[in-house]
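Presented below is the structure to which this report refers.
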Amino acid sequence: MTLMDSFAGRRVPPAVTDAGLALLFTAGALVPLVPMPATVPALRTPDALFVVLALLSALPLAVHRRFPLPVLLIMTVAVAALQARHYIPHLSGPQGTSIGPSYMGVATAVLLTARRGAPRTATLVVAAVIPAAAVTEAVLAPAGHRIATLLAEAVLLVGAWALGRLTRARAAIRDQALERAAALERAQEANARAAVMEERTRIARELHDIVAHNVSLMVVQTIAADRIQDRDGAKAHELHGTIEETGRATVTELRRLLDVLRTEDEADADPSKEPPQPTVEALPALVDAVRAAGLTVDFTTTGVPAELPAGSHLTVYRIVQEGLTNTLKHAGHTHAELTIAWERRHRRLTVRLCDDGPRPGEGAVARPTDLPDGPGHGLLGMRERIGAVGGVLHTGPRPGGGYCVHAVVPLPASTPAHSPTPPPAPDDPSFDLAGHYEGHSPHASDPRPAGR
């Protein structure tokens, strides 16, 4: 079967294999059209019926892969009809055993059925089809040769069936071996990745200690330089030079730390080709893209923009992006309101995104009440980002229907010391009639989120 299914090491399509076998046995079945030697017992002269039966005894092999058992039955009946009409020699007779192309075609069909068919089909072939074919051949054989014909037919077909099952078993063993090898390779790759990550973690921990030590040293040297600035300018200048060198070394070590923590996929990417991180100024483009997806968004900006650190810019953008994505996912093509409020008096930037919920008759995915499984996604990702910049995030369903995301990001203070962000005033639009953030329970300082 391997030789029939492959050629020169290349896999041959099954349809081509079956078609080739069908043409081969069709040519063999038409051999009786050639004048037979005088030593062969007289056979019926080929006619139109012979041609039809000969074609039925071989051509069905072309579709054997799709209809294995019907093809085998058609070929077996056709060969039996050829023998009964004396178009082909008997399997066993006065001339001895004569296994011609027609009988080999049936044996090949048995082999292919045993190899390709389900276990139930293979059992049916060996338990019913083969005995029926052997008995039919024995009945049609000349007197005195019936036992020999029965045994010859049984040995031929059972041998073909056993060879088919053997090749199927070998193919299954080969597939299992390939699967085990692939699984072993995946396990080895996973172990290698785990070892690399463990080593990276160790190196990152050591580099972190170096960076922390250098930063602490810079702080101490800065304090010392400030204290002796008036008394010893030269010594202060020397300390400033040392601080500069330490700072440069710290930046170098920090870059190494980031390189260690970078994943393989990120390392393969060219940093110079990466687009700049989005800022608050990119929100209008984000809103336009979401509107093109079918979400109606009313975007409003109030107040005078202030300077924000790059991390805060990225945090605001990602929170709005995640909120709009979740609205599309859970509420569908609904209406949403996005408000960006620069509140310099309170030294904060307020982001408020509320939707009206699914429209009547429009299906929507229910919002789960648990946190997402992985960090960096959904509500957990929002909380991690807002916490990293010292902000506050509240989310939850609105009393009148829909869902709200309310984030407060602190603005940089003009003086080193400043009071924490005060609560919103009663006229703040983020307050509802109950006097608390929509979607945030007034009975808990850190509510359990009803996340997406």
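In the structure tokens, chains take the letters A, B, ... in the order shown, each chain's residues start at 1, and ligands count up from 1 in the order shown.
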Discussion item. Let's see if you can do this: from backbone DSSP, list all helix (DSSP H, G or I) residues in stretch 44-85 of chain A, as a PyMOL selection string.
Written reply: chain A and resi 48-56+59-63+68-84
Any idea what's packed within 12 Å of A:His64, counting only C-alpha atoms, ignoring anything in its chain fewer than 2 positions away? Could you give it as a PDB file with N, CA, C and O atoms, in the first residue's frame?
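Wrote it out as out.pdb, contents follow:
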```
ATOM      1  N   PRO A  14      -5.069  10.237  -3.223  1.00  0.00           N
ATOM      2  CA  PRO A  14      -5.833   8.979  -3.256  1.00  0.00           C
ATOM      3  C   PRO A  14      -6.653   8.812  -4.537  1.00  0.00           C
ATOM      4  O   PRO A  14      -6.782   7.700  -5.048  1.00  0.00           O
ATOM      5  N   ALA A  15      -7.202   9.901  -5.038  1.00  0.00           N
ATOM      6  CA  ALA A  15      -8.001   9.795  -6.261  1.00  0.00           C
ATOM      7  C   ALA A  15      -7.149   9.317  -7.425  1.00  0.00           C
ATOM      8  O   ALA A  15      -7.605   8.513  -8.265  1.00  0.00           O
ATOM      9  N   VAL A  16      -5.900   9.764  -7.500  1.00  0.00           N
ATOM     10  CA  VAL A  16      -5.010   9.327  -8.577  1.00  0.00           C
ATOM     11  C   VAL A  16      -4.672   7.849  -8.422  1.00  0.00           C
ATOM     12  O   VAL A  16      -4.650   7.096  -9.406  1.00  0.00           O
ATOM     13  N   THR A  17      -4.428   7.420  -7.179  1.00  0.00           N
ATOM     14  CA  THR A  17      -4.140   6.001  -6.936  1.00  0.00           C
ATOM     15  C   THR A  17      -5.312   5.123  -7.355  1.00  0.00           C
ATOM     16  O   THR A  17      -5.130   4.113  -8.058  1.00  0.00           O
ATOM     17  N   ASP A  18      -6.516   5.482  -6.943  1.00  0.00           N
ATOM     18  CA  ASP A  18      -7.687   4.673  -7.288  1.00  0.00           C
ATOM     19  C   ASP A  18      -7.941   4.661  -8.795  1.00  0.00           C
ATOM     20  O   ASP A  18      -8.284   3.624  -9.378  1.00  0.00           O
ATOM     21  N   ALA A  19      -7.775   5.821  -9.438  1.00  0.00           N
ATOM     22  CA  ALA A  19      -7.986   5.873 -10.889  1.00  0.00           C
ATOM     23  C   ALA A  19      -6.968   5.016 -11.626  1.00  0.00           C
ATOM     24  O   ALA A  19      -7.312   4.307 -12.597  1.00  0.00           O
ATOM     25  N   GLY A  20      -5.713   5.041 -11.174  1.00  0.00           N
ATOM     26  CA  GLY A  20      -4.691   4.212 -11.805  1.00  0.00           C
ATOM     27  C   GLY A  20      -4.988   2.729 -11.667  1.00  0.00           C
ATOM     28  O   GLY A  20      -4.843   1.947 -12.630  1.00  0.00           O
ATOM     29  N   LEU A  21      -5.421   2.316 -10.470  1.00  0.00           N
ATOM     30  CA  LEU A  21      -5.778   0.904 -10.278  1.00  0.00           C
ATOM     31  C   LEU A  21      -6.978   0.517 -11.138  1.00  0.00           C
ATOM     32  O   LEU A  21      -7.022  -0.583 -11.708  1.00  0.00           O
ATOM     33  N   ALA A  22      -7.965   1.403 -11.235  1.00  0.00           N
ATOM     34  CA  ALA A  22      -9.140   1.110 -12.040  1.00  0.00           C
ATOM     35  C   ALA A  22      -8.765   0.910 -13.504  1.00  0.00           C
ATOM     36  O   ALA A  22      -9.228  -0.044 -14.159  1.00  0.00           O
ATOM     37  N   ALA A  58     -13.968  -3.673 -12.785  1.00  0.00           N
ATOM     38  CA  ALA A  58     -12.720  -2.949 -12.536  1.00  0.00           C
ATOM     39  C   ALA A  58     -12.919  -1.451 -12.336  1.00  0.00           C
ATOM     40  O   ALA A  58     -12.327  -0.862 -11.421  1.00  0.00           O
ATOM     41  N   LEU A  59     -13.744  -0.807 -13.168  1.00  0.00           N
ATOM     42  CA  LEU A  59     -13.869   0.647 -13.097  1.00  0.00           C
ATOM     43  C   LEU A  59     -14.367   1.186 -11.763  1.00  0.00           C
ATOM     44  O   LEU A  59     -13.980   2.279 -11.358  1.00  0.00           O
ATOM     45  N   PRO A  60     -15.226   0.483 -11.023  1.00  0.00           N
ATOM     46  CA  PRO A  60     -15.666   1.029  -9.728  1.00  0.00           C
ATOM     47  C   PRO A  60     -14.534   1.322  -8.756  1.00  0.00           C
ATOM     48  O   PRO A  60     -14.717   2.088  -7.808  1.00  0.00           O
ATOM     49  N   LEU A  61     -13.350   0.749  -8.991  1.00  0.00           N
ATOM     50  CA  LEU A  61     -12.221   1.050  -8.101  1.00  0.00           C
ATOM     51  C   LEU A  61     -11.893   2.543  -8.082  1.00  0.00           C
ATOM     52  O   LEU A  61     -11.313   3.038  -7.118  1.00  0.00           O
ATOM     53  N   ALA A  62     -12.268   3.257  -9.138  1.00  0.00           N
ATOM     54  CA  ALA A  62     -11.963   4.683  -9.197  1.00  0.00           C
ATOM     55  C   ALA A  62     -12.647   5.470  -8.090  1.00  0.00           C
ATOM     56  O   ALA A  62     -12.176   6.548  -7.702  1.00  0.00           O
ATOM     57  N   ARG A  66     -14.578   6.571  -1.629  1.00  0.00           N
ATOM     58  CA  ARG A  66     -15.840   7.155  -1.178  1.00  0.00           C
ATOM     59  C   ARG A  66     -16.878   6.087  -0.854  1.00  0.00           C
ATOM     60  O   ARG A  66     -17.677   6.257   0.061  1.00  0.00           O
ATOM     61  N   PHE A  67     -16.881   4.980  -1.595  1.00  0.00           N
ATOM     62  CA  PHE A  67     -17.887   3.922  -1.393  1.00  0.00           C
ATOM     63  C   PHE A  67     -17.186   2.562  -1.347  1.00  0.00           C
ATOM     64  O   PHE A  67     -17.289   1.769  -2.300  1.00  0.00           O
ATOM     65  N   PRO A  68     -16.436   2.275  -0.296  1.00  0.00           N
ATOM     66  CA  PRO A  68     -15.636   1.039  -0.281  1.00  0.00           C
ATOM     67  C   PRO A  68     -16.465  -0.242  -0.379  1.00  0.00           C
ATOM     68  O   PRO A  68     -16.189  -1.096  -1.223  1.00  0.00           O
ATOM     69  N   LEU A  69     -17.473  -0.395   0.479  1.00  0.00           N
ATOM     70  CA  LEU A  69     -18.232  -1.647   0.489  1.00  0.00           C
ATOM     71  C   LEU A  69     -19.093  -1.810  -0.760  1.00  0.00           C
ATOM     72  O   LEU A  69     -19.104  -2.905  -1.370  1.00  0.00           O
ATOM     73  N   PRO A  70     -19.826  -0.792  -1.223  1.00  0.00           N
ATOM     74  CA  PRO A  70     -20.582  -0.960  -2.473  1.00  0.00           C
ATOM     75  C   PRO A  70     -19.687  -1.299  -3.663  1.00  0.00           C
ATOM     76  O   PRO A  70     -20.058  -2.123  -4.511  1.00  0.00           O
ATOM     77  N   VAL A  71     -18.509  -0.696  -3.755  1.00  0.00           N
ATOM     78  CA  VAL A  71     -17.592  -0.999  -4.858  1.00  0.00           C
ATOM     79  C   VAL A  71     -17.162  -2.454  -4.805  1.00  0.00           C
ATOM     80  O   VAL A  71     -17.125  -3.153  -5.836  1.00  0.00           O
ATOM     81  N   LEU A  72     -16.830  -2.948  -3.625  1.00  0.00           N
ATOM     82  CA  LEU A  72     -16.424  -4.345  -3.487  1.00  0.00           C
ATOM     83  C   LEU A  72     -17.549  -5.284  -3.908  1.00  0.00           C
ATOM     84  O   LEU A  72     -17.316  -6.276  -4.625  1.00  0.00           O
ATOM     85  N   LEU A  73     -18.775  -5.006  -3.501  1.00  0.00           N
ATOM     86  CA  LEU A  73     -19.895  -5.886  -3.858  1.00  0.00           C
ATOM     87  C   LEU A  73     -20.147  -5.868  -5.368  1.00  0.00           C
ATOM     88  O   LEU A  73     -20.389  -6.932  -5.980  1.00  0.00           O
ATOM     89  N   ILE A  74     -20.088  -4.692  -6.000  1.00  0.00           N
ATOM     90  CA  ILE A  74     -20.323  -4.614  -7.447  1.00  0.00           C
ATOM     91  C   ILE A  74     -19.256  -5.402  -8.201  1.00  0.00           C
ATOM     92  O   ILE A  74     -19.573  -6.171  -9.134  1.00  0.00           O
ATOM     93  N   MET A  75     -18.001  -5.248  -7.813  1.00  0.00           N
ATOM     94  CA  MET A  75     -16.930  -5.952  -8.507  1.00  0.00           C
ATOM     95  C   MET A  75     -17.050  -7.461  -8.307  1.00  0.00           C
ATOM     96  O   MET A  75     -16.830  -8.249  -9.249  1.00  0.00           O
ATOM     97  N   GLY A 105      -8.431  -8.102  -9.275  1.00  0.00           N
ATOM     98  CA  GLY A 105      -9.144  -6.853  -9.011  1.00  0.00           C
ATOM     99  C   GLY A 105     -10.023  -6.942  -7.780  1.00  0.00           C
ATOM    100  O   GLY A 105     -10.073  -6.019  -6.951  1.00  0.00           O
ATOM    101  N   VAL A 106     -10.725  -8.078  -7.644  1.00  0.00           N
ATOM    102  CA  VAL A 106     -11.565  -8.280  -6.459  1.00  0.00           C
ATOM    103  C   VAL A 106     -10.692  -8.357  -5.203  1.00  0.00           C
ATOM    104  O   VAL A 106     -11.033  -7.782  -4.152  1.00  0.00           O
ATOM    105  N   THR A 108      -7.832  -6.960  -4.733  1.00  0.00           N
ATOM    106  CA  THR A 108      -7.369  -5.599  -4.430  1.00  0.00           C
ATOM    107  C   THR A 108      -8.465  -4.789  -3.762  1.00  0.00           C
ATOM    108  O   THR A 108      -8.207  -4.013  -2.824  1.00  0.00           O
ATOM    109  N   ALA A 109      -9.699  -4.943  -4.220  1.00  0.00           N
ATOM    110  CA  ALA A 109     -10.812  -4.237  -3.586  1.00  0.00           C
ATOM    111  C   ALA A 109     -10.987  -4.686  -2.139  1.00  0.00           C
ATOM    112  O   ALA A 109     -11.279  -3.864  -1.254  1.00  0.00           O
ATOM    113  N   VAL A 110     -10.807  -5.975  -1.871  1.00  0.00           N
ATOM    114  CA  VAL A 110     -10.880  -6.472  -0.491  1.00  0.00           C
ATOM    115  C   VAL A 110      -9.773  -5.852   0.355  1.00  0.00           C
ATOM    116  O   VAL A 110      -9.991  -5.412   1.499  1.00  0.00           O
ATOM    117  N   LEU A 111      -8.554  -5.807  -0.203  1.00  0.00           N
ATOM    118  CA  LEU A 111      -7.426  -5.215   0.532  1.00  0.00           C
ATOM    119  C   LEU A 111      -7.694  -3.748   0.865  1.00  0.00           C
ATOM    120  O   LEU A 111      -7.496  -3.316   2.007  1.00  0.00           O
ATOM    121  N   LEU A 112      -8.148  -2.983  -0.124  1.00  0.00           N
ATOM    122  CA  LEU A 112      -8.402  -1.567   0.112  1.00  0.00           C
ATOM    123  C   LEU A 112      -9.535  -1.351   1.115  1.00  0.00           C
ATOM    124  O   LEU A 112      -9.481  -0.440   1.946  1.00  0.00           O
ATOM    125  N   THR A 113     -10.560  -2.196   1.044  1.00  0.00           N
ATOM    126  CA  THR A 113     -11.675  -2.055   1.990  1.00  0.00           C
ATOM    127  C   THR A 113     -11.220  -2.357   3.409  1.00  0.00           C
ATOM    128  O   THR A 113     -11.610  -1.670   4.361  1.00  0.00           O
ATOM    129  N   ALA A 114     -10.390  -3.386   3.565  1.00  0.00           N
ATOM    130  CA  ALA A 114      -9.885  -3.732   4.900  1.00  0.00           C
ATOM    131  C   ALA A 114      -8.977  -2.637   5.450  1.00  0.00           C
ATOM    132  O   ALA A 114      -8.951  -2.396   6.659  1.00  0.00           O
ATOM    133  N   ARG A 115      -8.255  -1.981   4.560  1.00  0.00           N
ATOM    134  CA  ARG A 115      -7.337  -0.940   5.023  1.00  0.00           C
ATOM    135  C   ARG A 115      -8.039   0.379   5.292  1.00  0.00           C
ATOM    136  O   ARG A 115      -7.739   1.062   6.269  1.00  0.00           O
ATOM    137  N   ARG A 116      -8.988   0.743   4.464  1.00  0.00           N
ATOM    138  CA  ARG A 116      -9.623   2.054   4.574  1.00  0.00           C
ATOM    139  C   ARG A 116     -10.901   2.040   5.399  1.00  0.00           C
ATOM    140  O   ARG A 116     -11.286   3.071   5.955  1.00  0.00           O
ATOM    141  N   GLY A 117     -11.588   0.910   5.432  1.00  0.00           N
ATOM    142  CA  GLY A 117     -12.881   0.861   6.086  1.00  0.00           C
ATOM    143  C   GLY A 117     -12.782   0.868   7.597  1.00  0.00           C
ATOM    144  O   GLY A 117     -11.727   0.608   8.189  1.00  0.00           O
TER     145      GLY A 117
END
```
Item to complete: Calculate how many Å separate atom CA of A:Thr246 from atom CA of A:Ala204, rounding to one decimal.
Response: 19.1 Å
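You will find atom CA of A:Ala292 at 10.6 Å from atom CA of A:His333.
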Discussion item. I need the residue nearest A:Val320 from this list: A:His145, A:Arg205, A:Arg352, A:Arg345. Use only C-alpha atoms for the distance.
Written reply: A:Arg352
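On the backbone of this structure, DSSP gives strand (DSSP E or B) within stretch 179-325 of chain A to Thr296, Val297, Asp298, Phe299, Thr300, Thr301 and Thr302 of chain A.
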Selected residues written out with C-alpha atoms, as a CSV table (one decimal), in the first residue's frame:
```csv
chain,number,residue,atom,x,y,z
A,296,THR,CA,-22.7,55.6,18.0
A,297,VAL,CA,-20.4,57.6,20.2
A,298,ASP,CA,-20.8,61.2,21.5
A,299,PHE,CA,-17.3,62.4,22.3
A,300,THR,CA,-16.9,65.5,24.5
A,301,THR,CA,-13.7,67.2,25.8
A,302,THR,CA,-13.9,69.8,28.6
```
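From atom CA of A:Ala388 back to atom CA of A:Asp288, the distance works out to 27.9 Å.
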Worksheet item: Which polymer residues have any atom within 10 Å of an atom of A:Ala154, counting only C-alpha atoms, with same-chain residues fewer than 4 positions away left out, as an MDAnalysis selection string?
Response: chainID A and resid 126 130:135 137 148:150 158:160
Residues just named, written with C-alpha atoms as a PDB file, in the first residue's frame:
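So the final result, stored in out.pdb, reads:
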```pdb
ATOM      1  CA  VAL A 126     -14.293 -11.171   6.362  1.00  0.00           C
ATOM      2  CA  ILE A 130     -15.580 -13.351   1.543  1.00  0.00           C
ATOM      3  CA  PRO A 131     -17.482 -16.544   2.518  1.00  0.00           C
ATOM      4  CA  ALA A 132     -20.289 -15.653   0.113  1.00  0.00           C
ATOM      5  CA  ALA A 133     -17.835 -15.055  -2.730  1.00  0.00           C
ATOM      6  CA  ALA A 134     -15.968 -18.323  -2.016  1.00  0.00           C
ATOM      7  CA  VAL A 135     -19.184 -20.362  -1.934  1.00  0.00           C
ATOM      8  CA  GLU A 137     -17.127 -19.583  -6.926  1.00  0.00           C
ATOM      9  CA  ALA A 148     -10.147 -26.528  -4.717  1.00  0.00           C
ATOM     10  CA  THR A 149     -12.018 -23.463  -5.961  1.00  0.00           C
ATOM     11  CA  LEU A 150     -13.457 -22.801  -2.485  1.00  0.00           C
ATOM     12  CA  VAL A 158      -8.520 -13.695   3.260  1.00  0.00           C
ATOM     13  CA  GLY A 159      -4.860 -13.067   2.449  1.00  0.00           C
ATOM     14  CA  ALA A 160      -5.773  -9.751   0.818  1.00  0.00           C
TER      15      ALA A 160
END
```
Fill in: Residue neighbourhood A:Leu82, 12 Å, only C-alpha atoms, exclusion window fewer than 2 positions, as number ranges by chain
A: 29-30, 32, 43-47, 49-57, 75-80, 84-91, 100, 102-103, 137, 140
Deliver the residues from the most recent selection as a file, using N, CA, C and O atoms, as a compact mmCIF listing (two decimals), in the first residue's frame.
```txt
# COMPACT_ATOMS: atom_id res chain seq x y z
N ALA A 29 -9.04 -6.87 -17.50
CA ALA A 29 -10.31 -7.57 -17.68
C ALA A 29 -10.66 -7.74 -19.15
O ALA A 29 -11.41 -8.66 -19.52
N LEU A 30 -10.16 -6.84 -20.02
CA LEU A 30 -10.45 -6.93 -21.44
C LEU A 30 -9.50 -7.84 -22.20
O LEU A 30 -9.59 -7.96 -23.43
N PRO A 32 -9.47 -11.11 -22.43
CA PRO A 32 -10.12 -12.18 -23.21
C PRO A 32 -10.55 -11.76 -24.60
O PRO A 32 -10.91 -12.62 -25.41
N LEU A 43 -14.03 -20.65 -24.36
CA LEU A 43 -14.77 -19.63 -23.63
C LEU A 43 -15.79 -18.98 -24.57
O LEU A 43 -15.69 -19.06 -25.80
N ARG A 44 -16.77 -18.35 -23.98
CA ARG A 44 -17.79 -17.68 -24.78
C ARG A 44 -17.15 -16.51 -25.54
O ARG A 44 -16.30 -15.81 -25.01
N THR A 45 -17.59 -16.31 -26.72
CA THR A 45 -17.07 -15.20 -27.54
C THR A 45 -17.48 -13.88 -26.90
O THR A 45 -18.65 -13.67 -26.58
N PRO A 46 -16.50 -12.94 -26.70
CA PRO A 46 -16.85 -11.65 -26.09
C PRO A 46 -17.88 -10.89 -26.89
O PRO A 46 -17.85 -10.88 -28.12
N ASP A 47 -18.82 -10.28 -26.20
CA ASP A 47 -19.85 -9.48 -26.84
C ASP A 47 -20.10 -8.24 -25.99
O ASP A 47 -19.30 -7.90 -25.10
N LEU A 49 -22.31 -7.68 -23.68
CA LEU A 49 -22.49 -8.01 -22.27
C LEU A 49 -21.16 -8.22 -21.58
O LEU A 49 -20.96 -7.81 -20.43
N PHE A 50 -20.23 -8.85 -22.30
CA PHE A 50 -18.90 -9.04 -21.72
C PHE A 50 -18.24 -7.71 -21.41
O PHE A 50 -17.63 -7.52 -20.35
N VAL A 51 -18.33 -6.77 -22.35
CA VAL A 51 -17.70 -5.46 -22.12
C VAL A 51 -18.30 -4.78 -20.90
O VAL A 51 -17.59 -4.20 -20.06
N VAL A 52 -19.61 -4.83 -20.75
CA VAL A 52 -20.27 -4.20 -19.61
C VAL A 52 -19.81 -4.84 -18.30
O VAL A 52 -19.45 -4.15 -17.33
N LEU A 53 -19.80 -6.19 -18.27
CA LEU A 53 -19.38 -6.88 -17.04
C LEU A 53 -17.91 -6.64 -16.74
O LEU A 53 -17.52 -6.50 -15.57
N ALA A 54 -17.08 -6.59 -17.80
CA ALA A 54 -15.65 -6.35 -17.58
C ALA A 54 -15.42 -4.96 -16.98
O ALA A 54 -14.59 -4.77 -16.08
N LEU A 55 -16.15 -3.98 -17.50
CA LEU A 55 -16.02 -2.63 -16.95
C LEU A 55 -16.51 -2.57 -15.50
O LEU A 55 -15.90 -1.91 -14.66
N LEU A 56 -17.61 -3.27 -15.20
CA LEU A 56 -18.12 -3.28 -13.82
C LEU A 56 -17.18 -4.01 -12.87
O LEU A 56 -17.23 -3.77 -11.65
N SER A 57 -16.37 -4.88 -13.39
CA SER A 57 -15.45 -5.64 -12.52
C SER A 57 -14.19 -4.86 -12.18
O SER A 57 -13.40 -5.34 -11.36
N MET A 75 -18.00 -5.25 -7.81
CA MET A 75 -16.93 -5.95 -8.51
C MET A 75 -17.05 -7.46 -8.31
O MET A 75 -16.83 -8.25 -9.25
N THR A 76 -17.41 -7.90 -7.10
CA THR A 76 -17.53 -9.34 -6.83
C THR A 76 -18.66 -9.95 -7.67
O THR A 76 -18.51 -11.03 -8.27
N VAL A 77 -19.80 -9.29 -7.73
CA VAL A 77 -20.93 -9.80 -8.53
C VAL A 77 -20.58 -9.81 -10.01
O VAL A 77 -20.92 -10.76 -10.75
N ALA A 78 -19.87 -8.77 -10.49
CA ALA A 78 -19.51 -8.73 -11.91
C ALA A 78 -18.57 -9.87 -12.28
O ALA A 78 -18.72 -10.51 -13.34
N VAL A 79 -17.59 -10.16 -11.44
CA VAL A 79 -16.66 -11.26 -11.71
C VAL A 79 -17.40 -12.61 -11.68
O VAL A 79 -17.15 -13.49 -12.53
N ALA A 80 -18.31 -12.75 -10.74
CA ALA A 80 -19.08 -14.00 -10.69
C ALA A 80 -19.93 -14.16 -11.96
O ALA A 80 -20.06 -15.26 -12.51
N ALA A 84 -19.81 -17.14 -14.61
CA ALA A 84 -21.03 -17.91 -14.90
C ALA A 84 -21.35 -17.92 -16.40
O ALA A 84 -21.86 -18.93 -16.93
N ARG A 85 -21.03 -16.86 -17.12
CA ARG A 85 -21.29 -16.78 -18.55
C ARG A 85 -20.13 -17.34 -19.38
O ARG A 85 -20.13 -17.27 -20.60
N HIS A 86 -19.10 -17.86 -18.68
CA HIS A 86 -17.93 -18.48 -19.32
C HIS A 86 -17.16 -17.48 -20.18
O HIS A 86 -16.59 -17.83 -21.22
N TYR A 87 -17.13 -16.22 -19.73
CA TYR A 87 -16.29 -15.24 -20.42
C TYR A 87 -14.84 -15.33 -19.95
O TYR A 87 -13.93 -14.92 -20.67
N ILE A 88 -14.60 -15.81 -18.71
CA ILE A 88 -13.25 -15.95 -18.16
C ILE A 88 -13.10 -17.35 -17.63
O ILE A 88 -14.08 -18.03 -17.32
N PRO A 89 -11.85 -17.84 -17.53
CA PRO A 89 -11.64 -19.20 -17.02
C PRO A 89 -12.07 -19.30 -15.56
O PRO A 89 -12.08 -18.32 -14.81
N HIS A 90 -12.45 -20.52 -15.14
CA HIS A 90 -12.77 -20.75 -13.73
C HIS A 90 -11.52 -20.58 -12.88
O HIS A 90 -10.39 -20.76 -13.34
N LEU A 91 -11.75 -20.22 -11.61
CA LEU A 91 -10.62 -20.06 -10.71
C LEU A 91 -9.82 -21.35 -10.59
O LEU A 91 -8.59 -21.34 -10.56
N GLY A 100 -6.77 -14.83 -12.72
CA GLY A 100 -6.63 -13.81 -13.74
C GLY A 100 -6.79 -12.40 -13.20
O GLY A 100 -6.98 -12.18 -12.00
N SER A 102 -9.25 -10.32 -13.36
CA SER A 102 -10.53 -10.02 -12.71
C SER A 102 -10.52 -10.46 -11.25
O SER A 102 -11.01 -9.75 -10.36
N TYR A 103 -9.96 -11.64 -10.97
CA TYR A 103 -9.88 -12.11 -9.58
C TYR A 103 -8.93 -11.23 -8.76
O TYR A 103 -9.19 -10.95 -7.58
N GLU A 137 -18.12 -19.05 -6.01
CA GLU A 137 -17.13 -19.58 -6.93
C GLU A 137 -17.14 -21.11 -6.92
O GLU A 137 -16.99 -21.75 -7.97
N LEU A 140 -20.08 -22.41 -8.96
CA LEU A 140 -19.92 -22.22 -10.40
C LEU A 140 -18.78 -23.06 -10.97
O LEU A 140 -18.68 -23.19 -12.21
```
